[in-house]
Amino acid sequence: MILTIAAKEIKVLFVSPLAWVFLAAIQLILTWVFLGRLDAFIELQSQLMLIANPPGATEVIIVPVYAVASIVLLMATPLLTMRLMAEEWRNHTMPLLMAAPVTVTAIVLGKFAGLMIFFLIIISLVGLLPFSLFLGGTMDLGLILSNTMGLLLLAASFVSLGLYVSSLTTHPAIAAAGTLGLLMMLWIIDIVSTDLGNLLPNLSLLKHYEQFNRGMIDSFSVIFFMLFIISFLVLTIRRLDWSLLHG
């Protein structure tokens with residue numbers, strides 16, 4: 001049933017022009033960044049040869065592309081998640097969906113999986129950019145894999161939060177604004193000066209993603225992302241359970 005709901009979400013997404021616009025826009029932005037970094041790397045070749053351990057093409061070209069990709073996904077997520085639950089409430093189809101022979105957990109996981117499939121397509125397109133450089137030189141495969149893993153965990157975190165916010169309202173626009181606000185806050189929270197020690201910085205999505213962006217698969221950051229994803233999925237399930245009990 002989860003796969004059925006996920007397939008439905010993917011079908012709805014690709015029927016609308018929104019998915020195609022996002023795919024085209026994201027690929028255009030990242031290709032522009034990729035070509036810009038490639039030009040910069042070529043121009044710096046003579047200077048890099050003077051350095052004992054110069055950064056390679058992966059560090060100079062690919063790492064910035066993945067960093068930009070994380071920002072692009074942050075901006076795109078609210079527009080993609082806003083309708084997942086809010087539109088069901090607005091169209092009064094949520095009660096019918098919950099009355100069907102399907103569990104609330106399956107509904108939530110199905111919608112989550114559906115949008116994650118779309119994000120996997122985006123991340124795969126991002127991965128094509130470093131793949132093109134394998135034909136012309138040596139690349140740091142470990143660094144590429146850590147960036148890909150980080151981007152995948154980050155996308156799942158974005159979607160889980162957006163799914164929860166969308167379940168709280170009947171207005172997709174409000175869901176989008178709320179999701180964007182929360183994601184921005186969690187993105188830059190480590191910049192805020194506080195007397196709470198490391199508590200707030202440790203909640204920063206940016207801080208944990210930067211570990212992967214640098215090529216370090218930190219177990220604490222992996223656990224943080226997993227707990228973040230599970231927590232918001234559970235909150236969404238609880239929200240729907242509450243609605244089912246209270247009408």
# chains A, B, ... in the order shown; residues from 1 in each chain; ligands from 1
call {"tool": "residues_around", "arguments": {"residues": "stretch 14-19 of chain A", "least_positions_apart": "3", "cutoff": "12 Å", "atoms": "only C-alpha atoms", "output": "number ranges by chain"}}
result
A: 7-11, 22-26, 76-77, 79-81, 83, 114-115, 117-119, 121-122
call {"tool": "write_last_selection", "arguments": {"atoms": "C-alpha atoms", "output": "mmCIF file, in the first residue's frame"}}
result
data_model
loop_
_atom_site.group_PDB
_atom_site.id
_atom_site.type_symbol
_atom_site.label_atom_id
_atom_site.label_comp_id
_atom_site.auth_asym_id
_atom_site.auth_seq_id
_atom_site.Cartn_x
_atom_site.Cartn_y
_atom_site.Cartn_z
ATOM 1 C CA ALA A 7 3.246 5.875 -7.085
ATOM 2 C CA LYS A 8 0.137 8.050 -6.916
ATOM 3 C CA GLU A 9 2.143 10.973 -5.529
ATOM 4 C CA ILE A 10 4.764 10.628 -8.250
ATOM 5 C CA LYS A 11 2.077 10.476 -10.929
ATOM 6 C CA PHE A 22 11.937 22.240 -10.957
ATOM 7 C CA LEU A 23 14.005 19.587 -12.709
ATOM 8 C CA ALA A 24 14.925 21.974 -15.513
ATOM 9 C CA ALA A 25 15.642 24.913 -13.194
ATOM 10 C CA ILE A 26 17.724 22.881 -10.752
ATOM 11 C CA ALA A 76 12.392 23.908 -3.536
ATOM 12 C CA THR A 77 11.141 21.660 -0.733
ATOM 13 C CA LEU A 79 6.802 24.229 -2.814
ATOM 14 C CA LEU A 80 6.927 20.466 -3.286
ATOM 15 C CA THR A 81 5.675 19.438 0.163
ATOM 16 C CA ARG A 83 0.258 20.125 -1.102
ATOM 17 C CA GLY A 114 6.725 9.429 -3.291
ATOM 18 C CA LEU A 115 8.457 12.773 -2.895
ATOM 19 C CA ILE A 117 11.701 9.284 -5.295
ATOM 20 C CA PHE A 118 11.509 12.679 -6.977
ATOM 21 C CA PHE A 119 14.415 13.947 -4.876
ATOM 22 C CA ILE A 121 15.951 11.794 -9.424
ATOM 23 C CA ILE A 122 17.303 15.266 -8.652
#
call {"tool": "residues_around", "arguments": {"residues": "stretch 178-188 of chain A", "least_positions_apart": "6", "cutoff": "6 Å", "atoms": "only C-alpha atoms", "output": "ChimeraX atom specification"}}
result
/A:78,162,204-206
call {"tool": "closest_residue", "arguments": {"among": "A:Leu143, A:Ala173, A:Ala113, A:Val12", "to": "A:Val60", "atoms": "only C-alpha atoms"}}
result
A:Leu143
call {"tool": "residues_around", "arguments": {"residues": "A:Met116", "least_positions_apart": "6", "cutoff": "9 Å", "atoms": "only C-alpha atoms", "output": "ChimeraX atom specification"}}
result
/A:152,155-156,159
call {"tool": "closest_atom_pairs", "arguments": {"of": "stretch 105-131 of chain A", "to": "stretch 236-239 of chain A", "cutoff": "10 Å", "atoms": "only C-alpha atoms", "output": "JSON lines"}}
result
{"residue": "A:Thr105", "atom": "CA", "partner": "A:Ile237", "partner_atom": "CA", "distance": 5.9}
{"residue": "A:Ala106", "atom": "CA", "partner": "A:Ile237", "partner_atom": "CA", "distance": 9.2}
{"residue": "A:Ile107", "atom": "CA", "partner": "A:Ile237", "partner_atom": "CA", "distance": 8.6}
{"residue": "A:Val108", "atom": "CA", "partner": "A:Ile237", "partner_atom": "CA", "distance": 6.5}
{"residue": "A:Leu109", "atom": "CA", "partner": "A:Ile237", "partner_atom": "CA", "distance": 9.0}
call {"tool": "select_by_dssp", "arguments": {"residues": "stretch 135-204 of chain A", "states": "helix (DSSP H, G or I)", "output": "PDB file with N, CA and C atoms, in the first residue's frame"}}
result
ATOM      1  N   LEU A 141      36.430   9.615  -5.252  1.00  0.00           N
ATOM      2  CA  LEU A 141      35.141   8.935  -5.188  1.00  0.00           C
ATOM      3  C   LEU A 141      34.551   8.983  -3.781  1.00  0.00           C
ATOM      4  N   GLY A 142      35.408   8.872  -2.760  1.00  0.00           N
ATOM      5  CA  GLY A 142      34.931   8.925  -1.383  1.00  0.00           C
ATOM      6  C   GLY A 142      34.268  10.249  -1.059  1.00  0.00           C
ATOM      7  N   LEU A 143      34.858  11.337  -1.534  1.00  0.00           N
ATOM      8  CA  LEU A 143      34.298  12.664  -1.300  1.00  0.00           C
ATOM      9  C   LEU A 143      32.965  12.826  -2.021  1.00  0.00           C
ATOM     10  N   ILE A 144      32.879  12.293  -3.222  1.00  0.00           N
ATOM     11  CA  ILE A 144      31.625  12.358  -3.984  1.00  0.00           C
ATOM     12  C   ILE A 144      30.528  11.556  -3.288  1.00  0.00           C
ATOM     13  N   LEU A 145      30.874  10.366  -2.799  1.00  0.00           N
ATOM     14  CA  LEU A 145      29.892   9.519  -2.123  1.00  0.00           C
ATOM     15  C   LEU A 145      29.416  10.144  -0.818  1.00  0.00           C
ATOM     16  N   SER A 146      30.333  10.766  -0.069  1.00  0.00           N
ATOM     17  CA  SER A 146      29.934  11.406   1.191  1.00  0.00           C
ATOM     18  C   SER A 146      29.007  12.585   0.928  1.00  0.00           C
ATOM     19  N   ASN A 147      29.275  13.339  -0.127  1.00  0.00           N
ATOM     20  CA  ASN A 147      28.401  14.453  -0.491  1.00  0.00           C
ATOM     21  C   ASN A 147      27.031  13.959  -0.936  1.00  0.00           C
ATOM     22  N   THR A 148      27.018  12.869  -1.690  1.00  0.00           N
ATOM     23  CA  THR A 148      25.747  12.298  -2.143  1.00  0.00           C
ATOM     24  C   THR A 148      24.930  11.783  -0.968  1.00  0.00           C
ATOM     25  N   MET A 149      25.587  11.109  -0.047  1.00  0.00           N
ATOM     26  CA  MET A 149      24.911  10.600   1.146  1.00  0.00           C
ATOM     27  C   MET A 149      24.360  11.751   1.984  1.00  0.00           C
ATOM     28  N   GLY A 150      25.168  12.793   2.156  1.00  0.00           N
ATOM     29  CA  GLY A 150      24.720  13.952   2.925  1.00  0.00           C
ATOM     30  C   GLY A 150      23.531  14.639   2.290  1.00  0.00           C
ATOM     31  N   LEU A 151      23.562  14.761   0.967  1.00  0.00           N
ATOM     32  CA  LEU A 151      22.459  15.416   0.257  1.00  0.00           C
ATOM     33  C   LEU A 151      21.180  14.586   0.362  1.00  0.00           C
ATOM     34  N   LEU A 152      21.319  13.273   0.344  1.00  0.00           N
ATOM     35  CA  LEU A 152      20.160  12.389   0.473  1.00  0.00           C
ATOM     36  C   LEU A 152      19.533  12.499   1.862  1.00  0.00           C
ATOM     37  N   LEU A 153      20.361  12.484   2.906  1.00  0.00           N
ATOM     38  CA  LEU A 153      19.858  12.629   4.276  1.00  0.00           C
ATOM     39  C   LEU A 153      19.236  14.003   4.488  1.00  0.00           C
ATOM     40  N   LEU A 154      19.859  15.018   3.893  1.00  0.00           N
ATOM     41  CA  LEU A 154      19.337  16.375   4.020  1.00  0.00           C
ATOM     42  C   LEU A 154      17.977  16.495   3.345  1.00  0.00           C
ATOM     43  N   ALA A 155      17.853  15.935   2.149  1.00  0.00           N
ATOM     44  CA  ALA A 155      16.582  15.974   1.426  1.00  0.00           C
ATOM     45  C   ALA A 155      15.486  15.258   2.207  1.00  0.00           C
ATOM     46  N   ALA A 156      15.814  14.098   2.781  1.00  0.00           N
ATOM     47  CA  ALA A 156      14.833  13.356   3.577  1.00  0.00           C
ATOM     48  C   ALA A 156      14.406  14.159   4.801  1.00  0.00           C
ATOM     49  N   SER A 157      15.341  14.887   5.396  1.00  0.00           N
ATOM     50  CA  SER A 157      15.015  15.742   6.543  1.00  0.00           C
ATOM     51  C   SER A 157      14.078  16.864   6.124  1.00  0.00           C
ATOM     52  N   PHE A 158      14.380  17.497   5.000  1.00  0.00           N
ATOM     53  CA  PHE A 158      13.518  18.563   4.484  1.00  0.00           C
ATOM     54  C   PHE A 158      12.101  18.049   4.241  1.00  0.00           C
ATOM     55  N   VAL A 159      11.993  16.903   3.589  1.00  0.00           N
ATOM     56  CA  VAL A 159      10.680  16.355   3.224  1.00  0.00           C
ATOM     57  C   VAL A 159       9.881  15.972   4.465  1.00  0.00           C
ATOM     58  N   SER A 160      10.534  15.357   5.449  1.00  0.00           N
ATOM     59  CA  SER A 160       9.817  14.944   6.659  1.00  0.00           C
ATOM     60  C   SER A 160       9.249  16.147   7.401  1.00  0.00           C
ATOM     61  N   LEU A 161      10.032  17.226   7.492  1.00  0.00           N
ATOM     62  CA  LEU A 161       9.535  18.436   8.147  1.00  0.00           C
ATOM     63  C   LEU A 161       8.411  19.065   7.334  1.00  0.00           C
ATOM     64  N   GLY A 162       8.597  19.160   6.027  1.00  0.00           N
ATOM     65  CA  GLY A 162       7.568  19.747   5.169  1.00  0.00           C
ATOM     66  C   GLY A 162       6.275  18.966   5.197  1.00  0.00           C
ATOM     67  N   LEU A 163       6.376  17.651   5.280  1.00  0.00           N
ATOM     68  CA  LEU A 163       5.199  16.786   5.357  1.00  0.00           C
ATOM     69  C   LEU A 163       4.419  17.061   6.637  1.00  0.00           C
ATOM     70  N   TYR A 164       5.149  17.230   7.736  1.00  0.00           N
ATOM     71  CA  TYR A 164       4.487  17.512   9.017  1.00  0.00           C
ATOM     72  C   TYR A 164       3.783  18.862   8.997  1.00  0.00           C
ATOM     73  N   VAL A 165       4.471  19.885   8.520  1.00  0.00           N
ATOM     74  CA  VAL A 165       3.868  21.222   8.467  1.00  0.00           C
ATOM     75  C   VAL A 165       2.639  21.210   7.567  1.00  0.00           C
ATOM     76  N   SER A 166       2.704  20.484   6.464  1.00  0.00           N
ATOM     77  CA  SER A 166       1.568  20.399   5.546  1.00  0.00           C
ATOM     78  C   SER A 166       0.366  19.729   6.197  1.00  0.00           C
ATOM     79  N   PRO A 172      -2.154  25.212   1.358  1.00  0.00           N
ATOM     80  CA  PRO A 172      -0.807  24.898   0.883  1.00  0.00           C
ATOM     81  C   PRO A 172       0.169  26.071   0.996  1.00  0.00           C
ATOM     82  N   ALA A 173      -0.314  27.291   0.748  1.00  0.00           N
ATOM     83  CA  ALA A 173       0.574  28.460   0.816  1.00  0.00           C
ATOM     84  C   ALA A 173       1.109  28.656   2.230  1.00  0.00           C
ATOM     85  N   ILE A 174       0.246  28.450   3.219  1.00  0.00           N
ATOM     86  CA  ILE A 174       0.674  28.570   4.614  1.00  0.00           C
ATOM     87  C   ILE A 174       1.677  27.466   4.945  1.00  0.00           C
ATOM     88  N   ALA A 175       1.414  26.268   4.435  1.00  0.00           N
ATOM     89  CA  ALA A 175       2.337  25.149   4.651  1.00  0.00           C
ATOM     90  C   ALA A 175       3.705  25.455   4.047  1.00  0.00           C
ATOM     91  N   ALA A 176       3.716  26.040   2.851  1.00  0.00           N
ATOM     92  CA  ALA A 176       4.981  26.381   2.191  1.00  0.00           C
ATOM     93  C   ALA A 176       5.746  27.428   2.985  1.00  0.00           C
ATOM     94  N   ALA A 177       5.038  28.471   3.434  1.00  0.00           N
ATOM     95  CA  ALA A 177       5.682  29.539   4.203  1.00  0.00           C
ATOM     96  C   ALA A 177       6.215  29.008   5.528  1.00  0.00           C
ATOM     97  N   GLY A 178       5.419  28.181   6.200  1.00  0.00           N
ATOM     98  CA  GLY A 178       5.850  27.614   7.472  1.00  0.00           C
ATOM     99  C   GLY A 178       7.054  26.706   7.320  1.00  0.00           C
ATOM    100  N   THR A 179       7.045  25.888   6.289  1.00  0.00           N
ATOM    101  CA  THR A 179       8.168  24.981   6.034  1.00  0.00           C
ATOM    102  C   THR A 179       9.436  25.755   5.718  1.00  0.00           C
ATOM    103  N   LEU A 180       9.316  26.765   4.865  1.00  0.00           N
ATOM    104  CA  LEU A 180      10.485  27.571   4.512  1.00  0.00           C
ATOM    105  C   LEU A 180      11.050  28.272   5.740  1.00  0.00           C
ATOM    106  N   GLY A 181      10.170  28.835   6.566  1.00  0.00           N
ATOM    107  CA  GLY A 181      10.620  29.524   7.770  1.00  0.00           C
ATOM    108  C   GLY A 181      11.358  28.600   8.722  1.00  0.00           C
ATOM    109  N   LEU A 182      10.810  27.420   8.961  1.00  0.00           N
ATOM    110  CA  LEU A 182      11.445  26.464   9.865  1.00  0.00           C
ATOM    111  C   LEU A 182      12.767  25.947   9.303  1.00  0.00           C
ATOM    112  N   LEU A 183      12.792  25.665   8.004  1.00  0.00           N
ATOM    113  CA  LEU A 183      14.026  25.175   7.393  1.00  0.00           C
ATOM    114  C   LEU A 183      15.125  26.234   7.434  1.00  0.00           C
ATOM    115  N   MET A 184      14.761  27.478   7.164  1.00  0.00           N
ATOM    116  CA  MET A 184      15.746  28.557   7.226  1.00  0.00           C
ATOM    117  C   MET A 184      16.284  28.717   8.642  1.00  0.00           C
ATOM    118  N   MET A 185      15.386  28.623   9.627  1.00  0.00           N
ATOM    119  CA  MET A 185      15.801  28.753  11.022  1.00  0.00           C
ATOM    120  C   MET A 185      16.756  27.627  11.411  1.00  0.00           C
ATOM    121  N   LEU A 186      16.412  26.399  11.023  1.00  0.00           N
ATOM    122  CA  LEU A 186      17.261  25.256  11.349  1.00  0.00           C
ATOM    123  C   LEU A 186      18.551  25.245  10.532  1.00  0.00           C
ATOM    124  N   TRP A 187      18.567  25.977   9.423  1.00  0.00           N
ATOM    125  CA  TRP A 187      19.755  26.047   8.572  1.00  0.00           C
ATOM    126  C   TRP A 187      20.812  26.965   9.166  1.00  0.00           C
ATOM    127  N   ILE A 188      20.374  28.087   9.746  1.00  0.00           N
ATOM    128  CA  ILE A 188      21.326  29.105  10.210  1.00  0.00           C
ATOM    129  C   ILE A 188      21.369  29.225  11.727  1.00  0.00           C
ATOM    130  N   ILE A 189      20.744  28.298  12.442  1.00  0.00           N
ATOM    131  CA  ILE A 189      20.618  28.437  13.890  1.00  0.00           C
ATOM    132  C   ILE A 189      21.970  28.434  14.596  1.00  0.00           C
ATOM    133  N   ASP A 190      22.977  27.806  13.990  1.00  0.00           N
ATOM    134  CA  ASP A 190      24.287  27.768  14.640  1.00  0.00           C
ATOM    135  C   ASP A 190      24.990  29.111  14.603  1.00  0.00           C
ATOM    136  N   ILE A 191      24.485  30.027  13.779  1.00  0.00           N
ATOM    137  CA  ILE A 191      25.086  31.359  13.692  1.00  0.00           C
ATOM    138  C   ILE A 191      24.633  32.231  14.857  1.00  0.00           C
ATOM    139  N   PRO A 201      23.587  25.105  18.179  1.00  0.00           N
ATOM    140  CA  PRO A 201      24.392  24.752  17.001  1.00  0.00           C
ATOM    141  C   PRO A 201      24.240  23.294  16.582  1.00  0.00           C
ATOM    142  N   ASN A 202      24.021  22.405  17.542  1.00  0.00           N
ATOM    143  CA  ASN A 202      23.874  20.987  17.211  1.00  0.00           C
ATOM    144  C   ASN A 202      22.551  20.673  16.534  1.00  0.00           C
ATOM    145  N   LEU A 203      21.625  21.642  16.537  1.00  0.00           N
ATOM    146  CA  LEU A 203      20.353  21.463  15.841  1.00  0.00           C
ATOM    147  C   LEU A 203      20.409  21.979  14.407  1.00  0.00           C
TER     148      LEU A 203
END
call {"tool": "residues_around", "arguments": {"residues": "A:Ser221", "least_positions_apart": "4", "cutoff": "10 Å", "atoms": "only C-alpha atoms", "output": "list in words"}}
result
Gly150, Leu153, Asn202, Leu205, Lys207, His208, Tyr209, Glu210, Gln211, Phe212, Met216, Ile217, Phe225, Met226 and Leu227 of chain A
call {"tool": "write_last_selection", "arguments": {"atoms": "N, CA and C atoms", "output": "mmCIF file, in the first residue's frame"}}
result
data_model
loop_
_atom_site.group_PDB
_atom_site.id
_atom_site.type_symbol
_atom_site.label_atom_id
_atom_site.label_comp_id
_atom_site.auth_asym_id
_atom_site.auth_seq_id
_atom_site.Cartn_x
_atom_site.Cartn_y
_atom_site.Cartn_z
ATOM 1 N N GLY A 150 25.168 12.793 2.156
ATOM 2 C CA GLY A 150 24.720 13.952 2.925
ATOM 3 C C GLY A 150 23.531 14.639 2.290
ATOM 4 N N LEU A 153 20.361 12.484 2.906
ATOM 5 C CA LEU A 153 19.858 12.629 4.276
ATOM 6 C C LEU A 153 19.236 14.003 4.488
ATOM 7 N N ASN A 202 24.021 22.405 17.542
ATOM 8 C CA ASN A 202 23.874 20.987 17.211
ATOM 9 C C ASN A 202 22.551 20.673 16.534
ATOM 10 N N LEU A 205 20.935 22.136 10.644
ATOM 11 C CA LEU A 205 21.038 21.222 9.502
ATOM 12 C C LEU A 205 22.300 21.508 8.695
ATOM 13 N N LYS A 207 25.184 22.709 9.783
ATOM 14 C CA LYS A 207 26.377 22.214 10.481
ATOM 15 C C LYS A 207 26.589 20.730 10.214
ATOM 16 N N HIS A 208 25.521 19.961 10.275
ATOM 17 C CA HIS A 208 25.650 18.514 10.077
ATOM 18 C C HIS A 208 25.901 18.168 8.612
ATOM 19 N N TYR A 209 25.298 18.931 7.696
ATOM 20 C CA TYR A 209 25.536 18.656 6.278
ATOM 21 C C TYR A 209 26.970 19.001 5.887
ATOM 22 N N GLU A 210 27.538 20.027 6.505
ATOM 23 C CA GLU A 210 28.898 20.439 6.170
ATOM 24 C C GLU A 210 29.906 19.321 6.421
ATOM 25 N N GLN A 211 29.614 18.452 7.392
ATOM 26 C CA GLN A 211 30.509 17.317 7.641
ATOM 27 C C GLN A 211 30.614 16.434 6.394
ATOM 28 N N PHE A 212 29.480 16.147 5.795
ATOM 29 C CA PHE A 212 29.457 15.332 4.575
ATOM 30 C C PHE A 212 30.078 16.090 3.408
ATOM 31 N N MET A 216 33.554 13.987 5.378
ATOM 32 C CA MET A 216 33.575 13.261 6.651
ATOM 33 C C MET A 216 32.184 12.704 6.954
ATOM 34 N N ILE A 217 32.075 11.382 6.995
ATOM 35 C CA ILE A 217 30.809 10.747 7.364
ATOM 36 C C ILE A 217 30.816 10.572 8.876
ATOM 37 N N PHE A 225 20.468 13.172 11.659
ATOM 38 C CA PHE A 225 19.552 13.198 10.512
ATOM 39 C C PHE A 225 18.489 12.100 10.620
ATOM 40 N N MET A 226 18.886 10.905 11.025
ATOM 41 C CA MET A 226 17.933 9.806 11.143
ATOM 42 C C MET A 226 16.874 10.108 12.200
ATOM 43 N N LEU A 227 17.305 10.635 13.346
ATOM 44 C CA LEU A 227 16.355 10.994 14.403
ATOM 45 C C LEU A 227 15.445 12.128 13.956
#
call {"tool": "atom_distance", "arguments": {"atom1": "atom CA of A:Thr58", "atom2": "atom CA of A:Val126"}}
result
13.5 Å
call {"tool": "atom_distance", "arguments": {"atom1": "atom CA of A:Met75", "atom2": "atom CA of A:Phe112"}}
result
17.8 Å
call {"tool": "residues_around", "arguments": {"residues": "A:Phe41", "least_positions_apart": "3", "cutoff": "8 Å", "atoms": "only C-alpha atoms", "output": "PyMOL selection string"}}
result
chain A and resi 37-38+44-45+57+60-61
call {"tool": "write_last_selection", "arguments": {"atoms": "C-alpha atoms", "output": "compact mmCIF listing (two decimals), in the first residue's frame"}}
result
# COMPACT_ATOMS: atom_id res chain seq x y z
CA ARG A 37 33.95 26.10 -11.10
CA LEU A 38 35.45 24.12 -13.99
CA LEU A 44 44.15 28.05 -11.36
CA GLN A 45 46.12 25.09 -12.71
CA ALA A 57 39.06 18.73 -9.17
CA VAL A 60 37.41 22.75 -6.35
CA ILE A 61 34.55 21.81 -8.68
